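S.K.: You'll find protein09.txt just under this line, and it carries compact mmCIF, C-alpha atoms and all ligand atoms.
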```txt
# COMPACT_ATOMS: atom_id res chain seq x y z
CA MET M 1 -32.35 -1.23 13.76
CA ASP M 2 -30.54 1.72 15.22
CA THR M 3 -32.50 3.18 18.12
CA THR M 4 -30.54 6.44 18.33
CA ALA M 5 -32.02 9.48 16.56
CA LEU M 6 -31.14 9.49 12.87
CA PRO M 7 -29.47 12.58 11.41
CA ALA M 8 -31.40 14.61 8.84
CA CYS M 9 -30.42 14.42 5.17
CA PRO M 10 -28.60 17.62 4.08
CA LYS M 11 -30.61 17.58 0.85
CA CYS M 12 -34.24 16.77 1.77
CA LYS M 13 -33.87 17.74 5.44
CA GLN M 14 -35.80 14.64 6.53
CA THR M 15 -34.88 11.59 8.57
CA ASP M 16 -37.46 9.01 7.40
CA GLN M 17 -35.32 7.52 4.59
CA ILE M 18 -31.98 7.62 6.37
CA GLN M 19 -29.92 4.53 7.10
CA LYS M 20 -26.42 3.98 8.33
CA VAL M 21 -24.18 2.95 5.40
CA THR M 22 -22.43 0.20 7.40
CA SER M 23 -25.79 -1.47 8.08
CA ILE M 24 -27.22 -1.18 4.52
CA TYR M 25 -23.90 -2.40 3.19
CA GLY M 26 -24.23 -5.42 5.49
CA LEU M 27 -27.81 -6.04 4.32
CA ASN M 28 -26.74 -5.78 0.67
CA THR M 29 -23.77 -8.06 1.02
CA LYS M 30 -23.87 -11.78 1.31
CA GLU M 31 -20.88 -13.57 2.71
CA TRP M 32 -20.57 -17.32 2.83
CA TYR M 33 -17.97 -20.03 3.11
CA GLU M 34 -17.59 -23.16 1.05
CA THR M 35 -15.61 -26.11 2.25
CA ARG M 36 -13.34 -27.53 -0.42
CA THR M 37 -11.53 -30.82 -0.18
CA THR M 38 -8.25 -31.62 -1.90
CA THR M 39 -6.41 -34.93 -2.12
CA ASP M 40 -2.63 -34.99 -2.37
CA SER M 41 -0.45 -37.62 -4.10
CA ASP M 42 -0.29 -39.74 -0.90
CA GLY M 43 -4.06 -39.95 -0.74
CA HIS M 44 -4.37 -37.63 2.25
CA THR M 45 -7.37 -35.39 2.07
CA SER M 46 -7.41 -31.93 3.50
CA SER M 47 -10.19 -29.40 3.49
CA TYR M 48 -10.14 -25.66 3.65
CA ARG M 49 -12.77 -22.96 3.82
CA GLU M 50 -13.08 -20.59 0.89
CA ARG M 51 -14.62 -17.18 1.47
CA HIS M 52 -17.18 -15.83 -1.00
CA GLU M 53 -18.80 -12.44 -1.12
CA ALA M 54 -21.67 -11.16 -3.25
CA HIS M 55 -23.21 -7.71 -3.34
CA THR M 56 -26.40 -6.25 -4.67
CA GLN M 57 -25.87 -3.30 -6.99
CA LEU M 58 -26.38 -0.93 -4.06
CA GLY M 59 -24.04 -2.93 -1.86
CA LEU M 60 -21.35 -2.73 -4.53
CA LYS M 61 -21.72 1.05 -4.80
CA LEU M 62 -21.53 1.48 -1.03
CA LYS M 63 -18.51 -0.76 -0.70
CA MET M 64 -15.44 0.78 0.89
CA PRO M 65 -12.36 0.54 -1.42
CA ASN M 66 -10.08 -2.38 -0.55
CA GLN M 67 -7.11 -1.88 1.68
CA PRO M 68 -4.08 -0.98 -0.48
CA ALA M 69 -1.90 -4.03 -1.10
CA GLN M 70 1.34 -4.09 0.87
CA PRO M 71 4.47 -4.23 -1.36
CA THR M 72 5.93 -7.74 -1.61
CA HIS M 73 9.28 -8.32 0.07
CA PRO M 74 11.77 -9.30 -2.69
CA GLY M 75 13.17 -12.08 -0.45
CA LEU M 76 10.12 -14.16 -1.34
CA TRP M 77 10.87 -14.07 -5.10
CA TYR M 78 14.60 -14.67 -4.58
CA GLY M 79 13.78 -17.61 -2.31
CA ILE M 80 11.58 -19.19 -5.00
CA GLY M 81 14.22 -18.42 -7.69
CA GLY M 82 16.98 -19.93 -5.54
CA PHE M 83 14.96 -23.10 -4.98
CA VAL M 84 14.32 -23.50 -8.73
CA ALA M 85 18.04 -22.86 -9.48
CA PHE M 86 19.03 -25.49 -6.90
CA ILE M 87 16.70 -28.12 -8.47
CA LEU M 88 18.05 -27.28 -11.96
CA LEU M 89 21.65 -27.54 -10.74
CA VAL M 90 21.05 -30.92 -9.09
CA THR M 91 19.44 -32.21 -12.31
CA LEU M 92 22.00 -30.72 -14.72
CA CYS M 93 25.23 -31.51 -12.82
CA PRO M 94 25.35 -35.20 -13.84
CA LEU M 95 24.90 -34.02 -17.47
CA ALA M 96 27.86 -31.65 -17.09
CA LEU M 97 30.05 -34.60 -16.06
CA ILE M 98 29.42 -36.48 -19.34
CA PRO M 99 32.31 -34.77 -21.25
CA PHE M 100 34.73 -36.09 -18.63
CA SER M 101 33.91 -39.68 -19.51
CA PHE M 102 35.62 -38.99 -22.89
CA ILE M 103 38.74 -37.58 -21.26
CA ILE M 104 39.52 -40.67 -19.20
CA PRO M 105 39.99 -43.04 -22.21
CA LEU M 106 41.82 -40.18 -23.94
CA ALA M 107 44.33 -40.20 -21.10
CA GLY M 108 45.03 -43.86 -21.73
CA ALA M 109 45.53 -43.19 -25.46
CA ALA M 110 47.85 -40.29 -24.79
CA ALA M 111 49.91 -42.42 -22.49
CA ALA M 112 50.17 -45.09 -25.24
CA PHE M 113 51.25 -42.55 -27.90
CA VAL M 114 53.91 -40.94 -25.75
CA PRO M 115 55.43 -43.91 -23.93
CA THR M 116 58.19 -42.13 -22.07
CA VAL M 117 58.93 -38.51 -22.89
CA GLN M 118 62.39 -37.81 -21.55
CA GLY M 119 61.80 -39.98 -18.54
CA VAL M 120 58.41 -38.52 -17.63
CA PRO M 121 56.41 -41.42 -16.21
CA THR M 122 53.14 -42.41 -17.94
CA TRP M 123 51.01 -41.79 -14.83
CA LEU M 124 52.07 -38.14 -14.86
CA ILE M 125 50.98 -37.75 -18.52
CA SER M 126 47.65 -39.44 -17.74
CA ALA M 127 47.19 -37.21 -14.72
CA ALA M 128 47.94 -34.12 -16.80
CA VAL M 129 45.50 -35.15 -19.57
CA ILE M 130 42.70 -35.77 -17.05
CA GLY M 131 43.66 -33.12 -14.53
CA LEU M 132 44.23 -30.04 -16.66
CA PRO M 133 40.83 -29.98 -18.45
CA THR M 134 39.14 -30.83 -15.13
CA LEU M 135 40.88 -27.95 -13.38
CA CYS M 136 40.01 -25.67 -16.29
CA ALA M 137 36.34 -26.70 -16.16
CA ILE M 138 36.21 -26.20 -12.39
CA ALA M 139 37.87 -22.79 -12.66
CA VAL M 140 35.44 -21.69 -15.39
CA GLY M 141 32.48 -23.06 -13.38
CA VAL M 142 33.54 -21.32 -10.17
CA GLY M 143 34.22 -18.11 -12.09
CA LEU M 144 30.74 -18.22 -13.64
CA LEU M 145 29.11 -18.87 -10.26
CA VAL M 146 30.97 -15.96 -8.63
CA TRP M 147 30.00 -13.66 -11.52
CA LEU M 148 26.38 -14.81 -11.27
CA GLY M 149 26.44 -14.35 -7.50
CA ILE M 150 27.68 -10.75 -7.83
CA LYS M 151 25.02 -9.97 -10.46
CA VAL M 152 22.24 -11.48 -8.32
CA LYS M 153 23.49 -9.59 -5.25
CA GLN M 154 23.49 -6.26 -7.14
CA ARG M 155 20.00 -6.95 -8.45
CA PHE M 156 18.80 -7.96 -4.98
CA ASP M 157 20.17 -4.75 -3.43
CA ARG M 158 18.36 -2.70 -6.10
CA ASP M 159 15.08 -4.56 -5.53
CA MET M 160 15.49 -4.28 -1.77
CA LYS M 161 15.96 -0.52 -2.03
CA SER M 162 12.90 -0.10 -4.24
CA TYR M 163 10.91 -2.31 -1.82
CA LYS M 164 11.97 -0.17 1.14
CA ASP M 165 10.98 3.01 -0.72
CA LYS M 166 7.59 1.55 -1.59
CA LYS M 167 7.11 0.30 1.97
CA VAL M 168 7.84 3.78 3.35
CA VAL M 169 5.23 5.29 1.01
CA TRP M 170 2.77 2.55 1.98
CA ASP M 171 3.33 3.02 5.73
CA ARG M 172 3.48 6.81 5.64
CA ASP M 173 0.89 7.72 2.98
CA GLU M 174 -1.22 4.96 1.47
CA MET M 175 -2.19 3.10 4.62
CA PRO M 176 -3.07 6.16 6.83
CA ARG M 177 -5.00 7.67 3.88
CA TRP M 178 -6.99 4.47 3.51
CA GLN M 179 -7.51 4.19 7.29
CA ALA M 180 -8.82 7.78 7.44
CA ALA M 181 -11.17 7.08 4.51
CA LYS M 182 -12.35 3.91 6.26
CA ASN M 183 -13.08 5.89 9.48
CA ARG M 184 -15.14 8.34 7.42
CA TRP M 185 -16.97 5.47 5.74
CA ASP M 186 -17.95 4.16 9.20
CA GLN M 187 -19.68 7.50 9.88
CA LEU M 188 -21.58 7.68 6.57
CA TYR M 189 -25.39 7.75 6.27
CA TYR M 190 -27.41 7.05 3.18
CA CYS M 191 -30.65 8.76 2.12
CA LEU M 192 -32.82 6.37 0.11
CA ARG M 193 -34.92 9.23 -1.27
CA ASP M 194 -32.04 11.17 -2.85
CA GLU M 195 -29.60 8.25 -3.17
CA THR M 196 -26.90 10.36 -1.56
CA VAL M 197 -24.51 9.75 1.29
CA PHE M 198 -23.44 12.21 3.96
CA ILE M 199 -21.50 12.54 7.19
CA PRO M 200 -23.78 14.32 9.74
CA SER M 201 -21.07 16.65 11.08
CA GLU M 202 -20.10 17.76 7.54
CA ASN M 203 -23.69 18.31 6.34
CA LYS M 204 -22.92 17.74 2.66
CA ALA M 205 -24.88 15.40 0.36
CA VAL M 206 -22.70 13.41 -2.05
CA THR M 207 -23.88 11.11 -4.84
CA LEU M 208 -22.95 7.44 -4.64
CA ASP M 209 -20.61 7.72 -7.63
CA ASP M 210 -18.57 10.35 -5.80
CA MET M 211 -18.55 8.52 -2.47
CA VAL M 212 -14.98 7.19 -2.72
CA LYS M 213 -13.55 10.58 -3.78
CA TYR M 214 -15.41 12.21 -0.89
CA LEU M 215 -14.10 9.65 1.60
CA TYR M 216 -10.52 10.39 0.60
CA ASP M 217 -11.04 14.14 0.34
CA PRO M 218 -13.53 15.85 2.73
CA TYR M 219 -13.16 19.11 0.73
CA TYR M 220 -14.01 17.42 -2.53
CA LYS M 221 -16.38 19.52 -4.69
CA ALA M 222 -18.79 17.62 -6.93
ZN ZN Z 1 -32.57 13.00 1.47
```
Could you write out this file's structure as structure tokens?
Ligand SMILES: [Zn+2]
M.R.:
Amino acid sequence: MDTTALPACPKCKQTDQIQKVTSIYGLNTKEWYETRTTTDSDGHTSSYRERHEAHTQLGLKLKMPNQPAQPTHPGLWYGIGGFVAFILLVTLCPLALIPFSFIIPLAGAAAAFVPTVQGVPTWLISAAVIGLPTLCAIAVGVGLLVWLGIKVKQRFDRDMKSYKDKKVVWDRDEMPRWQAAKNRWDQLYYCLRDETVFIPSENKAVTLDDMVKYLYDPYYKA
């Protein structure tokens, strides 16, 4: 227990039912770890520790709000998307080559139908029949990829800009606001008689339901 003199409650003006919020919160919160074991496809087992937390009703009410979540860098999502696209491409490319297997016999047929057109050798006709559609397909494919690349780049730049804006707000406003509220929470005392919390230097009793609002705004009026 705290040996320093306890501050008096602003409401009942007594010290006998006062406790530091950080310590009652600790007493009303149970934290434990469970070890979980997973086995991968090669039969290797690995274990990891999973954190669990349980609160009594009082503990839950005295809990400090969670740290605001940091915005996610868009690079993560584009990395995952790129990986999926790569796998799809590797799987689908052999399928895209199937139409070409029809062109090769076609070249032979064309060469048979047009034996010698004004002295043009058969190999040139075959080459044209195979080569032209192939070139066309490659050109269309490359064109599509370039178009897709430009679209993805534009989208990425937009997402990056919105991420940077959110990050600025998070760094400049959300995080310092939360940190200030957390510092105030560390100074809170709880009166069991009135079920109110207070910061000694501010001498104002606040109900548990208003605790979070009070932490974020010292001038908050109930
Ligand atoms: Zn009191």
S.K.: Just want the 9 Å neighbourhood of stretch 203-205 of chain M, counted on all atoms listed in the file, with same-chain residues fewer than 2 positions away dropped. Output as a PDB file with C-alpha atoms, in the coordinates of the input.
M.R.:
```pdb
ATOM      1  CA  ALA M   8     -31.400  14.610   8.840  1.00  0.00           C
ATOM      2  CA  CYS M   9     -30.420  14.420   5.170  1.00  0.00           C
ATOM      3  CA  PRO M  10     -28.600  17.620   4.080  1.00  0.00           C
ATOM      4  CA  LYS M  11     -30.610  17.580   0.850  1.00  0.00           C
ATOM      5  CA  CYS M 191     -30.650   8.760   2.120  1.00  0.00           C
ATOM      6  CA  ASP M 194     -32.040  11.170  -2.850  1.00  0.00           C
ATOM      7  CA  THR M 196     -26.900  10.360  -1.560  1.00  0.00           C
ATOM      8  CA  VAL M 197     -24.510   9.750   1.290  1.00  0.00           C
ATOM      9  CA  PHE M 198     -23.440  12.210   3.960  1.00  0.00           C
ATOM     10  CA  ILE M 199     -21.500  12.540   7.190  1.00  0.00           C
ATOM     11  CA  PRO M 200     -23.780  14.320   9.740  1.00  0.00           C
ATOM     12  CA  SER M 201     -21.070  16.650  11.080  1.00  0.00           C
ATOM     13  CA  THR M 207     -23.880  11.110  -4.840  1.00  0.00           C
TER      14      THR M 207
END
```
S.K.: Could you name the residues that touch M:Val212 at 12 Å or less, counting all atoms listed in the file, but leaving out those on the same chain fewer than 2 positions away, as a list in words?
M.R.: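 Using all atoms listed in the file, the neighbours found are Leu60, Lys61, Leu62, Lys63, Met64, Pro65, Asn66, Arg177, Trp178, Ala180, Ala181, Lys182, Arg184, Trp185, Leu188, Val197, Phe198, Val206, Thr207, Leu208, Asp209, Asp210, Tyr214, Leu215, Tyr216, Asp217, Pro218, Tyr220 and Ala222 of chain M.
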S.K.: Could you turn the residues from that selection into a file that holds C-alpha atoms, as an mmCIF file, keeping the file's coordinate frame?
M.R.:
```
data_model
loop_
_atom_site.group_PDB
_atom_site.id
_atom_site.type_symbol
_atom_site.label_atom_id
_atom_site.label_comp_id
_atom_site.auth_asym_id
_atom_site.auth_seq_id
_atom_site.Cartn_x
_atom_site.Cartn_y
_atom_site.Cartn_z
ATOM 1 C CA LEU M 60 -21.350 -2.730 -4.530
ATOM 2 C CA LYS M 61 -21.720 1.050 -4.800
ATOM 3 C CA LEU M 62 -21.530 1.480 -1.030
ATOM 4 C CA LYS M 63 -18.510 -0.760 -0.700
ATOM 5 C CA MET M 64 -15.440 0.780 0.890
ATOM 6 C CA PRO M 65 -12.360 0.540 -1.420
ATOM 7 C CA ASN M 66 -10.080 -2.380 -0.550
ATOM 8 C CA ARG M 177 -5.000 7.670 3.880
ATOM 9 C CA TRP M 178 -6.990 4.470 3.510
ATOM 10 C CA ALA M 180 -8.820 7.780 7.440
ATOM 11 C CA ALA M 181 -11.170 7.080 4.510
ATOM 12 C CA LYS M 182 -12.350 3.910 6.260
ATOM 13 C CA ARG M 184 -15.140 8.340 7.420
ATOM 14 C CA TRP M 185 -16.970 5.470 5.740
ATOM 15 C CA LEU M 188 -21.580 7.680 6.570
ATOM 16 C CA VAL M 197 -24.510 9.750 1.290
ATOM 17 C CA PHE M 198 -23.440 12.210 3.960
ATOM 18 C CA VAL M 206 -22.700 13.410 -2.050
ATOM 19 C CA THR M 207 -23.880 11.110 -4.840
ATOM 20 C CA LEU M 208 -22.950 7.440 -4.640
ATOM 21 C CA ASP M 209 -20.610 7.720 -7.630
ATOM 22 C CA ASP M 210 -18.570 10.350 -5.800
ATOM 23 C CA TYR M 214 -15.410 12.210 -0.890
ATOM 24 C CA LEU M 215 -14.100 9.650 1.600
ATOM 25 C CA TYR M 216 -10.520 10.390 0.600
ATOM 26 C CA ASP M 217 -11.040 14.140 0.340
ATOM 27 C CA PRO M 218 -13.530 15.850 2.730
ATOM 28 C CA TYR M 220 -14.010 17.420 -2.530
ATOM 29 C CA ALA M 222 -18.790 17.620 -6.930
#
```
S.K.: At a cut-off of 6 Å, using all atoms listed in the file, what residues contact stretch 48-54 of chain M? Leave out same-chain residues fewer than 5 positions from it and give the result as a list in words.
M.R.: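 Near stretch 48-54 of chain M, the qualifying residues are Thr29, Lys30, Glu31, Trp32, Tyr33, Glu34, Thr35 and Arg36 of chain M.
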S.K.: Let me make sure I understand: among M:Trp77, M:Tyr163, M:Phe156, M:Tyr190, which one has the smallest atom-to-atom distance to ligand ZN 1 (chain Z) if we use all atoms listed in the file?
M.R.: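 Smallest separation from ligand ZN 1 (chain Z) among the options: M:Tyr190.
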S.K.: Rank nothing, just name the residue among M:Tyr189, M:Tyr25, M:Trp147, M:Phe86 nearest to ligand ZN 1 (chain Z), using only C-alpha atoms and all ligand atoms.
M.R.: M:Tyr189
S.K.: Could you jot down the atom CA of M:Asp186 to atom CA of M:Val21 separation for me, Å, one decimal place?
M.R.: 7.4 Å
S.K.: Hey, which of M:Glu195, M:Pro74, M:Asn183, M:Asp40 ends up closest to ligand ZN 1 (chain Z)? Count all atoms listed in the file.
M.R.: M:Glu195
S.K.: At what distance in Å, to one decimal, does atom CA of M:Arg155 lie from atom CA of M:Thr72?
M.R.: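 Computing the Euclidean distance for atom CA of M:Thr72 and atom CA of M:Arg155 yields 15.7 Å.
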S.K.: Measuring atom to atom with all atoms listed in the file, identify which of M:Ala85, M:Cys12, M:Leu124, M:Leu76 is nearest to ligand ZN 1 (chain Z).
M.R.: M:Cys12
S.K.: My list of candidates is M:Pro7, M:Ile18, M:Leu95, M:Asn28. Which is closest to ligand ZN 1 (chain Z) when distances are computed with only C-alpha atoms and all ligand atoms?
M.R.: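 Closest to ligand ZN 1 (chain Z), using only C-alpha atoms and all ligand atoms: M:Ile18.
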S.K.: Using all atoms listed in the file, which of M:Lys166, M:His73, M:Lys20, M:Arg193 sits nearest ligand ZN 1 (chain Z)?
M.R.: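 Of M:Lys166, M:His73, M:Lys20, M:Arg193, the one nearest ligand ZN 1 (chain Z) is M:Arg193, counting all atoms listed in the file.
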S.K.: Using Å and a single decimal, report how far atom CA of M:Val84 sits from atom CA of M:Gln70.
M.R.: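 Atom-to-atom, atom CA of M:Gln70 and atom CA of M:Val84 are spaced 25.2 Å apart.
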